[in-house]
$ cat work.cif   # mmCIF, C-alpha atoms
data_data
#
loop_
_atom_site.label_atom_id
_atom_site.label_comp_id
_atom_site.auth_asym_id
_atom_site.auth_seq_id
_atom_site.Cartn_x
_atom_site.Cartn_y
_atom_site.Cartn_z
CA MET A 1 0.00 0.00 0.00
CA SER A 2 1.40 3.41 -0.98
CA ILE A 3 1.96 6.20 1.53
CA LYS A 4 -0.76 8.26 -0.19
CA THR A 5 -3.27 5.44 0.17
CA LYS A 6 -2.36 4.95 3.83
CA LEU A 7 -2.80 8.65 4.53
CA LYS A 8 -6.20 8.69 2.83
CA SER A 9 -7.25 5.67 4.87
CA ARG A 10 -6.17 7.24 8.15
CA LEU A 11 -7.79 10.58 7.30
CA SER A 12 -11.00 8.77 6.50
CA TRP A 13 -11.02 7.15 9.94
CA LEU A 14 -10.20 10.50 11.56
CA ARG A 15 -13.19 12.08 9.83
CA VAL A 16 -15.45 9.29 11.06
CA LEU A 17 -14.09 9.70 14.59
CA ARG A 18 -14.60 13.46 14.42
CA ARG A 19 -18.22 13.06 13.29
CA TYR A 20 -18.79 10.57 16.10
CA GLN A 21 -17.35 12.99 18.67
CA ILE A 22 -19.60 15.79 17.41
CA HIS A 23 -22.61 13.48 17.54
CA ILE A 24 -21.86 12.52 21.15
CA LYS A 25 -21.49 16.17 22.18
CA LEU A 26 -24.66 17.37 20.47
CA HIS A 27 -26.96 14.48 21.41
CA TYR A 28 -25.62 13.27 24.77
CA LEU A 29 -23.35 15.79 26.51
CA TYR A 30 -24.71 19.27 25.72
CA PRO A 31 -28.34 18.42 26.61
CA LEU A 32 -27.22 17.48 30.14
CA GLN A 33 -25.29 20.72 30.71
CA HIS A 34 -27.79 22.90 32.57
CA THR A 35 -25.80 26.10 32.05
CA ARG A 36 -26.54 25.92 28.33
CA TYR A 37 -30.31 26.37 28.84
CA GLY A 38 -32.26 29.59 29.14
CA TYR A 39 -33.61 27.98 32.29
CA ILE A 40 -33.91 24.44 33.56
CA ALA A 41 -35.34 23.55 36.95
CA PRO A 42 -33.34 21.15 39.12
CA THR A 43 -36.23 18.68 38.99
CA ALA A 44 -36.61 18.75 35.19
CA GLN A 45 -35.56 15.59 33.35
CA ILE A 46 -33.85 15.09 29.98
CA GLU A 47 -33.41 11.56 28.65
CA THR A 48 -30.70 11.46 25.98
CA PRO A 49 -30.17 11.27 23.09
CA VAL A 50 -31.91 14.51 22.17
CA PHE A 51 -30.98 17.31 19.75
CA LEU A 52 -31.49 20.99 20.63
CA THR A 53 -30.43 23.52 18.01
CA ASN A 54 -30.49 26.63 20.23
CA GLN A 55 -30.37 25.36 23.79
CA ALA A 56 -30.26 28.89 25.23
CA ASN A 57 -33.87 29.38 24.09
CA VAL A 58 -35.18 26.34 25.98
CA TYR A 59 -36.98 26.80 29.32
CA LEU A 60 -38.02 23.83 31.48
CA GLU A 61 -39.97 24.28 34.69
CA ASP A 62 -40.27 21.93 37.69
CA ARG A 63 -40.62 18.24 36.80
CA ALA A 64 -40.88 18.93 33.08
CA SER A 65 -39.73 15.83 31.22
CA ILE A 66 -38.33 15.19 27.75
CA LYS A 67 -37.83 11.61 26.59
CA SER A 68 -35.21 10.31 24.16
CA GLY A 69 -35.35 11.00 20.44
CA PHE A 70 -36.59 14.57 20.93
CA LYS A 71 -35.53 17.12 18.28
CA LEU A 72 -35.79 20.89 18.54
CA VAL A 73 -35.09 23.03 15.46
CA ASN A 74 -35.01 26.69 16.45
CA THR A 75 -33.05 29.88 15.94
CA SER A 76 -34.67 32.82 17.77
CA GLY A 77 -37.86 30.98 18.75
CA LYS A 78 -38.26 29.81 22.34
CA LEU A 79 -39.49 26.48 23.63
CA ILE A 80 -41.19 26.85 27.01
CA ILE A 81 -42.20 23.68 28.83
CA LYS A 82 -44.13 24.37 32.02
CA ARG A 83 -44.14 22.32 35.19
CA ASP A 84 -45.15 18.65 35.14
CA ALA A 85 -45.46 18.60 31.33
CA ARG A 86 -44.32 15.34 29.76
CA ILE A 87 -42.96 14.83 26.24
CA ALA A 88 -42.85 11.23 24.99
CA ILE A 89 -40.20 9.65 22.77
CA ASN A 90 -39.31 10.85 19.27
CA CYS A 91 -41.15 14.18 19.30
CA THR A 92 -40.14 17.10 17.07
CA VAL A 93 -40.51 20.84 17.69
CA VAL A 94 -39.85 23.46 15.00
CA THR A 95 -40.23 27.12 15.96
CA GLY A 96 -39.65 28.64 12.50
CA ASN A 97 -41.38 28.85 9.15
CA HIS A 98 -39.47 29.37 5.91
CA VAL A 99 -40.82 32.05 3.57
CA ARG A 100 -40.51 31.92 -0.22
CA ILE A 101 -39.10 35.22 -1.50
CA SER A 102 -39.08 36.19 -5.16
CA GLY A 103 -35.58 36.30 -6.63
CA ILE A 104 -33.94 34.34 -3.79
CA PRO A 105 -33.04 30.69 -4.47
CA LEU A 106 -34.67 28.24 -2.05
CA GLY A 107 -31.27 26.78 -1.16
CA VAL A 108 -30.05 30.21 -0.08
CA GLY A 109 -33.19 31.50 1.63
CA ASN A 110 -33.78 28.35 3.67
CA VAL A 111 -30.19 27.65 4.62
CA TYR A 112 -29.53 31.20 5.81
CA HIS A 113 -33.04 31.70 7.26
CA ILE A 114 -33.72 34.79 5.15
CA GLY A 115 -37.18 36.11 5.98
CA ASP A 116 -37.95 33.22 8.33
CA ILE A 117 -40.82 33.75 10.77
CA GLU A 118 -40.00 32.43 14.25
CA ARG A 119 -42.66 32.01 16.93
CA ASP A 120 -42.37 30.63 20.43
CA ILE A 121 -43.86 27.24 21.28
CA ILE A 122 -45.41 26.86 24.73
CA ILE A 123 -46.40 23.61 26.41
CA GLY A 124 -48.59 24.25 29.45
CA GLU A 125 -48.60 22.67 32.89
CA GLU A 126 -49.37 18.94 33.09
CA CYS A 127 -49.54 18.47 29.33
CA TRP A 128 -48.92 15.04 27.88
CA ILE A 129 -47.35 15.11 24.40
CA GLY A 130 -47.61 11.63 22.89
CA VAL A 131 -45.13 9.55 20.88
CA ASN A 132 -43.94 11.02 17.55
CA VAL A 133 -45.87 14.28 17.93
CA THR A 134 -44.74 17.30 15.90
CA LEU A 135 -45.22 20.85 17.19
CA LEU A 136 -44.79 23.58 14.58
CA SER A 137 -44.19 27.32 14.79
CA GLY A 138 -46.63 29.10 17.10
CA ALA A 139 -48.11 25.95 18.63
CA LYS A 140 -49.45 26.48 22.12
CA VAL A 141 -50.74 23.56 24.17
CA GLY A 142 -52.94 24.62 27.06
CA ARG A 143 -52.71 23.38 30.63
CA GLY A 144 -53.61 19.74 31.17
CA ALA A 145 -54.05 18.93 27.48
CA ILE A 146 -53.22 15.59 25.85
CA ILE A 147 -51.85 15.41 22.29
CA GLY A 148 -52.29 11.94 20.81
CA GLY A 149 -49.41 10.02 19.27
CA CYS A 150 -48.27 10.96 15.74
CA SER A 151 -50.32 14.18 15.77
CA MET A 152 -49.20 17.52 14.35
CA VAL A 153 -49.99 20.77 16.15
CA ASN A 154 -49.67 24.13 14.38
CA LYS A 155 -52.11 26.25 16.41
CA GLU A 156 -53.40 26.79 19.94
CA ILE A 157 -54.91 23.81 21.76
CA PRO A 158 -57.23 24.80 24.63
CA PRO A 159 -56.62 23.81 28.25
CA TYR A 160 -57.68 20.29 29.25
CA ALA A 161 -58.28 19.25 25.64
CA VAL A 162 -57.63 15.88 24.04
CA ALA A 163 -56.43 16.55 20.49
CA VAL A 164 -55.38 14.07 17.79
CA GLY A 165 -54.61 14.01 14.08
CA SER A 166 -52.66 16.02 11.54
CA PRO A 167 -53.45 18.82 11.99
CA ALA A 168 -54.62 18.03 15.52
CA LYS A 169 -58.33 18.44 16.27
CA VAL A 170 -60.02 18.51 19.67
CA ILE A 171 -62.05 15.34 20.26
CA ALA A 172 -62.68 15.43 24.01
CA SER A 173 -61.82 17.10 27.31
CA THR A 174 -59.55 15.42 29.82
CA PHE A 175 -61.94 16.22 32.71
CA SER A 176 -65.39 17.69 33.29
CA ILE A 177 -65.67 21.19 34.75
CA ASP A 178 -66.33 19.83 38.24
CA GLN A 179 -63.36 17.46 37.96
CA ILE A 180 -61.06 20.30 36.85
CA ILE A 181 -62.13 22.44 39.79
CA GLU A 182 -61.41 19.61 42.23
CA HIS A 183 -58.17 18.76 40.45
CA GLU A 184 -56.87 22.33 40.60
CA LYS A 185 -57.76 22.65 44.27
CA THR A 186 -55.09 20.03 44.90
CA ILE A 187 -52.48 20.93 42.30
CA TYR A 188 -52.52 24.72 41.95
CA ALA A 189 -52.33 27.71 44.28
CA PRO A 190 -55.62 29.66 44.50
CA GLU A 191 -54.39 32.49 42.28
CA GLU A 192 -53.42 30.02 39.54
CA ARG A 193 -56.73 28.19 39.30
CA TYR A 194 -59.34 28.60 36.58
CA SER A 195 -62.64 29.96 37.81
CA ARG A 196 -65.87 28.16 37.00
CA ALA A 197 -66.83 31.03 34.68
CA GLU A 198 -63.54 30.68 32.77
CA LEU A 199 -63.98 26.93 32.46
CA GLU A 200 -67.58 27.29 31.27
CA GLU A 201 -66.38 29.63 28.53
CA ILE A 202 -63.66 27.17 27.50
CA PHE A 203 -66.13 24.28 27.44
CA ASN A 204 -68.79 26.22 25.51
CA THR A 205 -66.19 27.23 22.94
CA HIS A 206 -64.27 23.98 22.50
CA PHE A 207 -66.00 21.00 24.10
CA ASP A 208 -69.69 21.37 23.29
CA GLY A 209 -71.10 17.89 22.71
CA LYS A 210 -67.75 16.21 23.42
CA LYS A 211 -67.04 13.64 26.13
CA SER A 212 -64.64 13.86 29.07
CA ILE A 213 -62.20 10.98 29.51
CA GLY A 214 -60.90 11.54 33.08
CA ILE A 215 -61.90 9.48 36.11
CA ASP A 216 -62.24 10.35 39.79
CA PRO A 217 -59.54 9.08 42.19
CA THR A 218 -60.26 6.42 44.77
CA PRO A 219 -59.32 7.03 48.44
CA GLU A 220 -56.42 4.60 47.96
CA MET A 221 -55.15 6.60 44.99
CA LYS A 222 -55.30 9.82 47.02
CA GLU A 223 -53.29 8.24 49.84
CA GLN A 224 -50.69 6.92 47.40
CA VAL A 225 -50.33 10.30 45.67
CA ALA A 226 -50.03 12.14 49.00
CA SER A 227 -47.26 9.77 50.08
CA ILE A 228 -45.36 10.11 46.81
CA ALA A 229 -45.77 13.90 46.73
CA SER A 230 -44.44 14.16 50.27
CA SER A 231 -41.39 12.06 49.44
CA LEU A 232 -40.66 14.22 46.39
CA GLY A 233 -41.30 17.51 48.13
CA ILE A 234 -44.28 18.36 45.90
CA LYS A 235 -46.82 20.63 47.56
CA LEU A 236 -50.47 19.53 47.47
CA TYR A 237 -53.11 21.99 48.59
CA GLN A 238 -55.59 19.52 50.07
#

$ encode --input "work.cif" --output "structure tokens"
Amino acid sequence: MSIKTKLKSRLSWLRVLRRYQIHIKLHYLYPLQHTRYGYIAPTAQIETPVFLTNQANVYLEDRASIKSGFKLVNTSGKLIIKRDARIAINCTVVTGNHVRISGIPLGVGNVYHIGDIERDIIIGEECWIGVNVTLLSGAKVGRGAIIGGCSMVNKEIPPYAVAVGSPAKVIASTFSIDQIIEHEKTIYAPEERYSRAELEEIFNTHFDGKKSIGIDPTPEMKEQVASIASSLGIKLYQ
């Protein structure tokens, strides 16, 4: 084997090693470095591998959770995940929209984000984002909502909604009004709770004729939750 061939072979392996090192940093090491985030609560959880384009624009509140396979594509757009929200495996979030501009080649406009429109994406408290869900620019998922697996969200989803499909449509509420009131008495401080009037407006607007899927807890469930919450230092209000 000639010296030139040997050098090419070694350089090829060095390139592979370099790509592997970059992959490890981006998908495994950087996501676990809390100083790289805009904010991350000590109780938030990140399960690698994940990919976060602009980690400084990511905000995770208490007990927010992101599972493996998550991808965030953002430049100036923020991703805000509020407390107790859960994101299942292999979800994708994209905060920007490309814009076609006359006279500018697509390969230039898209690559250099010329004219892009970036909007924040907000995931409310206690949301459950199912497997393989995609959230696009401007998506806002209200408190307590559930987004079914493989759905795509590109708009606002109301609080306590169950939404599925591409684009996602509301098919049910997670709880009835009475259940939400009882639920929030336990989970949220008084000033954070929805009033009955606010909930009635939400239900009249979004859930008319739709079912509620939530169930009431048994006394045993309440005892178990109280014990777990105490061990984790989570405050319950009743």

$ resolve_selection --input "work.cif" --expression "the PyMOL selection byres ((chain A and resi 177-193) around 8)" --output "CSV table (one decimal) with C-alpha atoms, in the frame of the given file"
chain,number,residue,atom,x,y,z
A,175,PHE,CA,-61.9,16.2,32.7
A,176,SER,CA,-65.4,17.7,33.3
A,194,TYR,CA,-59.3,28.6,36.6
A,195,SER,CA,-62.6,30.0,37.8
A,196,ARG,CA,-65.9,28.2,37.0
A,199,LEU,CA,-64.0,26.9,32.5
A,200,GLU,CA,-67.6,27.3,31.3
A,203,PHE,CA,-66.1,24.3,27.4
A,216,ASP,CA,-62.2,10.4,39.8
A,235,LYS,CA,-46.8,20.6,47.6
A,236,LEU,CA,-50.5,19.5,47.5
A,237,TYR,CA,-53.1,22.0,48.6
A,238,GLN,CA,-55.6,19.5,50.1

$ closest_residue --input "work.cif" --among "A:Ile215, A:Ile104, A:Ile121, A:Val73" --to "A:Asn154" --atoms "all atoms listed in the file"
A:Ile121

$ resolve_selection --input "work.cif" --expression "the PyMOL selection byres ((chain A and resi 80) around 8)" --output "ChimeraX atom specification"
/A:58-60,78-79,81-82,120-123

$ residues_around --input "work.cif" --residues "A:Val162" --least-positions-apart "5" --cutoff "9 Å" --atoms "only C-alpha atoms" --output "compact mmCIF listing (two decimals) with C-alpha atoms, in the coordinates of the input"
# COMPACT_ATOMS: atom_id res chain seq x y z
CA ALA A 145 -54.05 18.93 27.48
CA ILE A 146 -53.22 15.59 25.85
CA ILE A 147 -51.85 15.41 22.29
CA GLY A 148 -52.29 11.94 20.81
CA ILE A 157 -54.91 23.81 21.76
CA LYS A 169 -58.33 18.44 16.27
CA VAL A 170 -60.02 18.51 19.67
CA ILE A 171 -62.05 15.34 20.26
CA ALA A 172 -62.68 15.43 24.01
CA SER A 173 -61.82 17.10 27.31
CA THR A 174 -59.55 15.42 29.82
CA SER A 212 -64.64 13.86 29.07
CA ILE A 213 -62.20 10.98 29.51

$ atom_distance --input "work.cif" --atom1 "atom CA of A:Gly165" --atom2 "atom CA of A:Ala44"
28.1 Å

$ residues_around --input "work.cif" --residues "A:Gly142" --least-positions-apart "6" --cutoff "10 Å" --atoms "all atoms listed in the file" --output "VMD selection string"
chain A and resid 122 to 127 156 to 161

$ residues_around --input "work.cif" --residues "stretch 110-112 of chain A" --least-positions-apart "3" --cutoff "8 Å" --atoms "only C-alpha atoms" --output "list of chain:residue names"
A:His98, A:Val99, A:Leu106, A:Gly107, A:Asp116

$ closest_residue --input "work.cif" --among "A:Ile22, A:Ala56, A:Cys150, A:Leu136" --to "A:Arg119" --atoms "only C-alpha atoms"
A:Leu136

$ atom_distance --input "work.cif" --atom1 "atom CA of A:Val131" --atom2 "atom CA of A:Cys91"
6.3 Å

$ closest_residue --input "work.cif" --among "A:Leu26, A:Ile89, A:Val141, A:Ala64" --to "A:Tyr39" --atoms "all atoms listed in the file"
A:Ala64

$ atom_distance --input "work.cif" --atom1 "atom CA of A:Lys155" --atom2 "atom CA of A:Gly77"
15.2 Å

$ closest_residue --input "work.cif" --among "A:Gly109, A:Gly138, A:Gly144, A:Gly69" --to "A:Thr48" --atoms "all atoms listed in the file"
A:Gly69

$ resolve_selection --input "work.cif" --expression "the PyMOL selection byres ((chain A and resi 96) around 6)" --output "list in words"
Val94, Thr95, Asn97, Ile117, Glu118 and Ser137 of chain A

$ closest_residue --input "work.cif" --among "A:Tyr37, A:Tyr20, A:Phe207, A:Tyr28" --to "A:Asn57" --atoms "only C-alpha atoms"
A:Tyr37

$ closest_residue --input "work.cif" --among "A:Gly233, A:Gly130, A:Pro217, A:Gly103" --to "A:Arg63" --atoms "all atoms listed in the file"
A:Gly233
